[in-house]
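Pasting upload24.cif here (mmCIF, C-alpha atoms):
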data_input
loop_
_atom_site.label_atom_id
_atom_site.label_comp_id
_atom_site.auth_asym_id
_atom_site.auth_seq_id
_atom_site.Cartn_x
_atom_site.Cartn_y
_atom_site.Cartn_z
CA MET A 9 19.71 -2.95 2.49
CA ASN A 10 20.00 -0.70 -0.55
CA PRO A 11 17.03 -1.10 -2.93
CA GLU A 12 18.82 0.64 -5.80
CA ASN A 13 17.48 -0.55 -9.17
CA PHE A 14 14.52 -2.27 -7.49
CA LEU A 15 11.14 -2.28 -9.21
CA LEU A 16 8.33 -0.99 -6.97
CA ILE A 17 4.74 -2.10 -7.57
CA ASP A 18 1.93 -0.67 -5.42
CA ALA A 19 -1.65 -1.69 -6.21
CA SER A 20 -3.06 -1.05 -2.74
CA SER A 21 -5.07 2.04 -3.74
CA PRO A 22 -8.69 1.58 -4.86
CA ILE A 23 -8.28 4.23 -7.58
CA SER A 24 -4.82 3.79 -9.12
CA VAL A 25 -1.60 1.77 -9.37
CA CYS A 26 1.96 3.03 -9.24
CA ALA A 27 5.26 1.53 -10.36
CA GLY A 28 8.79 2.86 -10.30
CA ILE A 29 12.45 1.93 -10.56
CA LEU A 30 14.72 3.40 -7.90
CA GLY A 31 17.94 5.06 -9.01
CA GLU A 32 21.37 5.51 -7.45
CA ASN A 33 21.44 4.67 -3.73
CA ALA A 34 17.63 4.48 -3.88
CA ARG A 35 17.37 8.25 -3.53
CA THR A 36 15.90 9.09 -6.93
CA TRP A 37 13.52 7.54 -9.42
CA LEU A 38 14.89 6.30 -12.71
CA ARG A 39 11.27 6.14 -13.81
CA PHE A 40 7.91 6.47 -12.06
CA SER A 41 4.37 5.99 -13.33
CA GLU A 42 0.91 6.18 -11.80
CA GLU A 43 -1.99 4.63 -13.68
CA LYS A 44 -5.47 5.71 -12.70
CA SER A 45 -7.15 2.47 -13.68
CA ALA A 46 -8.21 -0.85 -12.21
CA ALA A 47 -5.39 -3.04 -10.90
CA LEU A 48 -5.84 -5.77 -13.52
CA GLU A 49 -4.89 -3.32 -16.27
CA GLY A 50 -2.94 -0.83 -14.17
CA VAL A 51 -0.29 -3.16 -12.74
CA PHE A 52 0.90 -4.21 -16.17
CA SER A 53 0.37 -0.85 -17.87
CA ALA A 54 2.37 1.06 -15.24
CA THR A 55 5.13 -1.55 -15.19
CA ARG A 56 5.37 -1.65 -18.97
CA LYS A 57 5.75 2.14 -19.15
CA ILE A 58 8.70 2.28 -16.78
CA CYS A 59 10.38 -0.80 -18.28
CA GLU A 60 10.18 0.30 -21.92
CA ALA A 61 13.91 1.10 -21.95
CA ASP A 62 14.87 -1.23 -19.07
CA VAL A 63 13.92 -4.86 -19.55
CA PRO A 64 12.74 -6.50 -16.30
CA ALA A 65 15.76 -8.81 -16.40
CA GLY A 66 17.84 -5.77 -15.47
CA VAL A 67 15.89 -5.13 -12.28
CA SER A 68 17.79 -6.08 -9.11
CA GLY A 69 14.74 -6.89 -6.99
CA PHE A 70 11.20 -5.88 -6.10
CA LEU A 71 9.47 -3.58 -3.62
CA PHE A 72 5.89 -4.65 -2.99
CA CYS A 73 3.04 -3.01 -1.06
CA GLU A 74 1.33 -5.75 0.94
CA GLY A 75 -1.48 -3.46 2.11
CA PRO A 76 -3.72 -2.76 3.76
CA GLY A 77 -5.77 -1.77 0.77
CA SER A 78 -7.38 -3.32 -2.26
CA ILE A 79 -7.02 -7.07 -1.71
CA LEU A 80 -7.61 -7.81 -5.39
CA GLY A 81 -5.04 -5.23 -6.51
CA ILE A 82 -2.44 -6.35 -4.01
CA ARG A 83 -2.82 -10.00 -4.97
CA ILE A 84 -2.58 -9.19 -8.68
CA ALA A 85 0.70 -7.40 -7.95
CA ALA A 86 1.86 -10.31 -5.78
CA ALA A 87 0.98 -12.84 -8.50
CA SER A 88 2.91 -10.88 -11.13
CA ILE A 89 6.01 -10.80 -8.91
CA ARG A 90 5.69 -14.49 -8.09
CA ALA A 91 5.47 -15.27 -11.79
CA ARG A 92 8.67 -13.31 -12.44
CA LEU A 93 10.40 -15.15 -9.57
CA ALA A 94 9.33 -18.50 -11.02
CA LEU A 95 10.82 -17.54 -14.37
CA ASP A 96 14.02 -16.50 -12.60
CA CYS A 97 14.33 -19.90 -10.95
CA ALA A 98 13.59 -21.71 -14.21
CA ALA A 99 16.59 -20.11 -15.94
CA PRO A 100 19.77 -22.26 -15.80
CA GLY A 101 22.12 -21.07 -13.08
CA ALA A 102 19.80 -18.21 -12.07
CA SER A 103 18.36 -17.38 -8.65
CA ALA A 104 15.24 -15.47 -7.71
CA ARG A 105 15.63 -11.78 -7.04
CA PRO A 106 14.89 -10.40 -3.54
CA VAL A 107 11.44 -9.09 -2.67
CA PHE A 108 10.89 -6.57 0.13
CA ALA A 109 7.42 -5.60 1.29
CA TYR A 110 6.09 -2.46 2.94
CA GLN A 111 2.71 -1.40 4.30
CA SER A 112 0.64 1.41 2.84
CA LEU A 113 -0.32 3.21 6.05
CA HIS A 114 3.23 3.17 7.43
CA LEU A 115 4.58 4.51 4.16
CA ALA A 116 1.94 7.27 4.19
CA ALA A 117 2.75 8.13 7.81
CA HIS A 118 6.46 8.54 7.11
CA LEU A 119 5.81 10.55 3.94
CA ILE A 120 3.58 12.89 5.97
CA LEU A 121 6.19 13.23 8.73
CA ARG A 122 8.84 14.10 6.13
CA ALA A 123 6.66 16.52 4.16
CA PHE A 124 5.11 18.21 7.21
CA PRO A 125 7.65 18.03 10.07
CA GLN A 126 5.37 20.17 12.24
CA GLU A 127 2.86 17.31 12.35
CA LYS A 128 3.69 14.96 15.22
CA ASN A 129 0.36 13.53 16.35
CA PHE A 130 -2.22 12.32 13.85
CA VAL A 131 -3.97 9.28 12.44
CA VAL A 132 -3.87 7.92 8.89
CA ILE A 133 -7.09 6.37 7.60
CA ALA A 134 -7.79 4.18 4.56
CA GLU A 135 -10.76 2.20 3.27
CA SER A 136 -11.21 -1.33 4.55
CA ARG A 137 -14.27 -3.54 4.26
CA ILE A 138 -17.81 -2.17 4.00
CA ASN A 139 -18.54 -0.17 7.13
CA ALA A 140 -14.92 -0.38 8.27
CA TRP A 141 -11.69 1.63 7.98
CA ASN A 142 -8.02 0.87 8.52
CA MET A 143 -6.23 3.22 10.90
CA LEU A 144 -2.63 3.89 11.95
CA ARG A 145 -1.86 6.24 14.82
CA VAL A 146 1.23 8.46 14.99
CA GLU A 147 2.24 9.80 18.41
CA ASN A 148 5.12 12.19 18.99
CA GLY A 149 6.33 11.57 15.46
CA VAL A 150 6.43 7.77 15.84
CA PRO A 151 3.97 5.55 13.94
CA ALA A 152 2.42 2.68 15.88
CA GLU A 153 3.89 -0.74 15.19
CA LYS A 154 0.62 -2.08 13.77
CA PHE A 155 -2.47 -0.67 12.12
CA SER A 156 -5.99 -1.56 13.22
CA GLU A 157 -9.46 -1.76 11.75
CA ILE A 158 -12.31 0.33 13.14
CA LYS A 159 -16.03 0.42 12.34
CA THR A 160 -17.59 3.53 10.84
CA SER A 161 -19.49 4.10 14.08
CA GLU A 162 -16.19 4.13 15.96
CA THR A 163 -14.76 6.99 13.91
CA THR A 164 -16.65 9.42 16.16
CA ALA A 165 -13.89 8.85 18.73
CA LEU A 166 -11.49 10.59 16.31
CA ALA A 167 -13.48 13.84 16.21
CA ASP A 168 -10.78 15.91 17.94
CA GLU A 169 -7.78 14.41 16.14
CA LYS A 170 -5.82 15.42 13.06
CA ILE A 171 -6.75 12.93 10.34
CA PHE A 172 -5.10 12.21 7.00
CA ILE A 173 -7.15 10.15 4.55
CA LEU A 174 -5.73 8.05 1.72
CA PRO A 175 -7.40 8.09 -1.73
CA HIS A 176 -10.75 6.33 -1.53
CA ARG A 177 -13.87 5.42 -3.52
CA ARG A 178 -16.36 5.24 -0.71
CA ALA A 179 -18.15 8.30 0.69
CA LEU A 180 -16.65 9.46 3.97
CA PRO A 181 -18.65 9.44 7.21
CA PRO A 182 -19.19 12.86 8.83
CA THR A 183 -16.29 12.40 11.27
CA LEU A 184 -13.84 11.91 8.39
CA ALA A 185 -15.31 14.56 6.06
CA ALA A 186 -12.75 17.17 7.15
CA ALA A 187 -9.78 14.80 6.94
CA VAL A 188 -6.74 16.06 5.03
CA PRO A 189 -6.28 14.23 1.69
CA CYS A 190 -3.03 12.25 1.51
CA PRO A 191 -2.11 11.66 -2.17
CA VAL A 192 0.39 8.99 -1.21
CA PHE A 193 1.57 8.11 -4.74
CA GLU A 194 2.20 11.78 -5.56
CA MET A 195 4.11 12.18 -2.29
CA LEU A 196 6.10 9.01 -3.00
CA LYS A 197 6.99 10.31 -6.46
CA ASN A 198 8.42 13.42 -4.82
CA ASP A 199 10.23 11.54 -2.04
CA PRO A 200 11.86 8.33 -3.33
CA ALA A 201 14.52 8.51 -0.61
CA VAL A 202 11.96 7.52 2.04
CA PHE A 203 12.99 3.85 1.74
CA ALA A 204 16.69 4.63 2.04
CA ASP A 205 16.13 6.92 5.03
CA VAL A 206 13.57 4.70 6.78
CA PRO A 207 14.79 1.13 6.16
CA ALA A 208 12.41 -0.16 8.84
CA LEU A 209 9.61 0.32 6.29
CA LEU A 210 10.84 -2.75 4.43
CA HIS A 211 10.93 -6.41 5.37
CA ASP A 212 12.06 -9.41 3.37
CA CYS A 213 9.06 -11.47 2.24
CA GLY A 214 11.13 -14.04 0.38
CA ASN A 215 9.40 -15.58 -2.62
CA ALA A 216 5.90 -15.33 -1.13
CA PRO A 217 4.57 -11.75 -1.40
CA ASP A 218 0.93 -11.58 -0.32
CA ALA A 219 -1.68 -9.24 1.15
CA VAL A 220 -1.88 -8.46 4.85
CA ASN A 221 -5.31 -8.79 6.41
CA THR A 222 -6.33 -7.68 9.88
CA SER A 223 -9.73 -9.31 9.78
CA ASP A 224 -10.46 -12.69 11.28
CA VAL A 225 -12.04 -14.89 8.62
CA ASN A 226 -14.89 -15.60 11.05
CA SER A 227 -15.74 -11.89 11.25
CA TYR A 228 -16.98 -11.72 7.65
CA ALA A 229 -20.70 -11.97 6.93
CA ARG A 230 -21.42 -15.34 5.33
CA TRP A 231 -24.00 -16.29 2.75
CA THR A 232 -26.67 -18.62 4.04
CA PRO A 233 -29.53 -20.03 1.95
CA GLU A 234 -32.13 -19.45 4.66
CA ARG A 235 -32.07 -15.68 4.32
CA HIS A 236 -32.96 -15.95 0.62
CA ARG A 237 -35.84 -18.40 0.99
CA GLY A 238 -39.44 -17.31 1.10
CA ASN A 239 -41.42 -17.65 4.29
#
Using structure tokens, write down the structure from this file.
Amino acid sequence: MNPENFLLIDASSPISVCAGILGENARTWLRFSEEKSAALEGVFSATRKICEADVPAGVSGFLFCEGPGSILGIRIAAASIRARLALDCAAPGASARPVFAYQSLHLAAHLILRAFPQEKNFVVIAESRINAWNMLRVENGVPAEKFSEIKTSETTALADEKIFILPHRRALPPTLAAAVPCPVFEMLKNDPAVFADVPALLHDCGNAPDAVNTSDVNSYARWTPERHRGN
């Protein structure tokens, strides 16, 4: 699959949004923009900047980050793509453009492997829920198939490992304080060919892009009236 002329939208980061249009053979950027703002404004601002001279109708398809990351940001990006697909289908004789999804931690892992070939064994960490972090392990240069969620107290088990941390809002626990920053959007800007060289990063999500979520719905703390009533 060649994502040439595909529009990428990534709102998984808690601090910024990026958008870009891939060039010839998906090895360069025709345009790339990172907006350091909330997803509600950033998704549309970043997309508008890169599409000023290229109307969205000229885009061949979409690349979408399904997470893990900011659930609100990811779902805003997903909703914007779904809206564009609906408009495609409403046009006489038109068909919806393809949408391929990728995951933030796997993208970061491959960008690190490509930028720092000497690094073969490490973990990539990103914010999850309160008191929890998403983690992807890389062993002998191969990222694990799936990421996992760990509690802050469990990060002590990573004390002797090389850690890369994605951009974050929350203060880091002591175990992660020395983690190497991974500016994934900056690295992606400098390495657009990652999708062409690592096609396994992408999977077809049809017309239903959405956020991935490792957490069982029953694991979330629930509001109960009893805890707010006086004795």
Selection dump of the PyMOL selection byres ((chain A and resi 213-215) around 9), as a PyMOL selection string: chain A and resi 89-90+93-94+104-109+211-212+216-218
What are the closest atom pairs, with distances in Å to one decimal, for each residue of stretch 21-105 of chain A lying within 9 Å of stretch 192-201 of chain A, using only C-alpha atoms, rows by chain and rising residue number, as JSON lines?
{"residue": "A:Ser24", "atom": "CA", "partner": "A:Phe193", "partner_atom": "CA", "distance": 8.9}
{"residue": "A:Val25", "atom": "CA", "partner": "A:Phe193", "partner_atom": "CA", "distance": 8.5}
{"residue": "A:Cys26", "atom": "CA", "partner": "A:Phe193", "partner_atom": "CA", "distance": 6.8}
{"residue": "A:Gly28", "atom": "CA", "partner": "A:Lys197", "partner_atom": "CA", "distance": 8.6}
{"residue": "A:Leu30", "atom": "CA", "partner": "A:Pro200", "partner_atom": "CA", "distance": 7.3}
{"residue": "A:Gly31", "atom": "CA", "partner": "A:Pro200", "partner_atom": "CA", "distance": 8.9}
{"residue": "A:Asn33", "atom": "CA", "partner": "A:Ala201", "partner_atom": "CA", "distance": 8.5}
{"residue": "A:Ala34", "atom": "CA", "partner": "A:Ala201", "partner_atom": "CA", "distance": 6.1}
{"residue": "A:Arg35", "atom": "CA", "partner": "A:Ala201", "partner_atom": "CA", "distance": 4.1}
{"residue": "A:Thr36", "atom": "CA", "partner": "A:Pro200", "partner_atom": "CA", "distance": 5.5}
{"residue": "A:Trp37", "atom": "CA", "partner": "A:Pro200", "partner_atom": "CA", "distance": 6.4}
{"residue": "A:Phe40", "atom": "CA", "partner": "A:Lys197", "partner_atom": "CA", "distance": 6.9}
{"residue": "A:Ser41", "atom": "CA", "partner": "A:Lys197", "partner_atom": "CA", "distance": 8.5}
{"residue": "A:Glu42", "atom": "CA", "partner": "A:Phe193", "partner_atom": "CA", "distance": 7.3}
Enter the distance from atom CA of A:Asn148 to atom CA of A:Leu184, in Å, rounded to one decimal.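 It comes out at 21.7 Å.
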Rounded to one decimal in Å, what is the spacing between atom CA of A:Ala208 and atom CA of A:Pro125?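 We find that atom CA of A:Ala208 and atom CA of A:Pro125 lie 18.8 Å from each other.
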Within-8 Å shell of (16.7, -1.0, -10.1) in input frame, all atoms listed in the file, as a list in words: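 Selection result: Pro11, Glu12, Asn13, Phe14, Leu15, Ile29, Leu30, Gly31, Leu38, Gly66, Val67, Ser68 and Gly69 of chain A.
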What's around A:Asn142 at 10 Å? Count only C-alpha atoms, leave out sequence neighbours fewer than 3 positions away in its own chain, and write the answer as a PDB file with C-alpha atoms, in the coordinates of the input.
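Saved the output as selection.pdb:
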ATOM      1  CA  PRO A  76      -3.720  -2.760   3.760  1.00  0.00           C
ATOM      2  CA  GLY A  77      -5.770  -1.770   0.770  1.00  0.00           C
ATOM      3  CA  LEU A 113      -0.320   3.210   6.050  1.00  0.00           C
ATOM      4  CA  VAL A 132      -3.870   7.920   8.890  1.00  0.00           C
ATOM      5  CA  ILE A 133      -7.090   6.370   7.600  1.00  0.00           C
ATOM      6  CA  ALA A 134      -7.790   4.180   4.560  1.00  0.00           C
ATOM      7  CA  GLU A 135     -10.760   2.200   3.270  1.00  0.00           C
ATOM      8  CA  SER A 136     -11.210  -1.330   4.550  1.00  0.00           C
ATOM      9  CA  ARG A 137     -14.270  -3.540   4.260  1.00  0.00           C
ATOM     10  CA  PHE A 155      -2.470  -0.670  12.120  1.00  0.00           C
ATOM     11  CA  SER A 156      -5.990  -1.560  13.220  1.00  0.00           C
ATOM     12  CA  GLU A 157      -9.460  -1.760  11.750  1.00  0.00           C
ATOM     13  CA  ILE A 158     -12.310   0.330  13.140  1.00  0.00           C
ATOM     14  CA  LYS A 159     -16.030   0.420  12.340  1.00  0.00           C
ATOM     15  CA  THR A 222      -6.330  -7.680   9.880  1.00  0.00           C
TER      16      THR A 222
END
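A straight line drawn from atom CA of A:Ala19 to atom CA of A:Gly75 is 8.5 Å long.
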Convert the output of the PyMOL selection byres ((chain A and resi 178) around 12) on the shown file into explicit residues, formatted as a ChimeraX atom specification. /A:22-23,134-141,160,173-177,179-181,184-185
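For the set A:Ala46, A:Val51, A:Leu115, A:Ile120, the residue with the smallest atom-to-atom gap to A:Leu210 is A:Leu115, counting all atoms listed in the file.
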From A:Ile171, A:Glu60, A:Val220, A:Ala85, residue lying nearest A:Lys154 [all atoms listed in the file]: A:Val220
Output of the PyMOL selection byres ((chain A and resi 146) around 8), listed as a list in words: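 Selected by the PyMOL selection byres ((chain A and resi 146) around 8) in this file: Ala117, Lys128, Asn129, Phe130, Val131, Val132, Leu144, Arg145, Glu147, Asn148, Gly149, Val150, Pro151 and Ala152 of chain A.
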Could you turn the residues from that selection into a file that holds C-alpha atoms, as a CSV table (one decimal), in the frame of the given file?
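Written file, result.csv:
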chain,number,residue,atom,x,y,z
A,117,ALA,CA,2.8,8.1,7.8
A,128,LYS,CA,3.7,15.0,15.2
A,129,ASN,CA,0.4,13.5,16.4
A,130,PHE,CA,-2.2,12.3,13.8
A,131,VAL,CA,-4.0,9.3,12.4
A,132,VAL,CA,-3.9,7.9,8.9
A,144,LEU,CA,-2.6,3.9,12.0
A,145,ARG,CA,-1.9,6.2,14.8
A,147,GLU,CA,2.2,9.8,18.4
A,148,ASN,CA,5.1,12.2,19.0
A,149,GLY,CA,6.3,11.6,15.5
A,150,VAL,CA,6.4,7.8,15.8
A,151,PRO,CA,4.0,5.6,13.9
A,152,ALA,CA,2.4,2.7,15.9
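Proximity to A:Ile17 was assessed for A:Glu74, A:Glu32, A:Glu153, A:Glu127 counting all atoms listed in the file; the smallest distance is recorded for A:Glu74.
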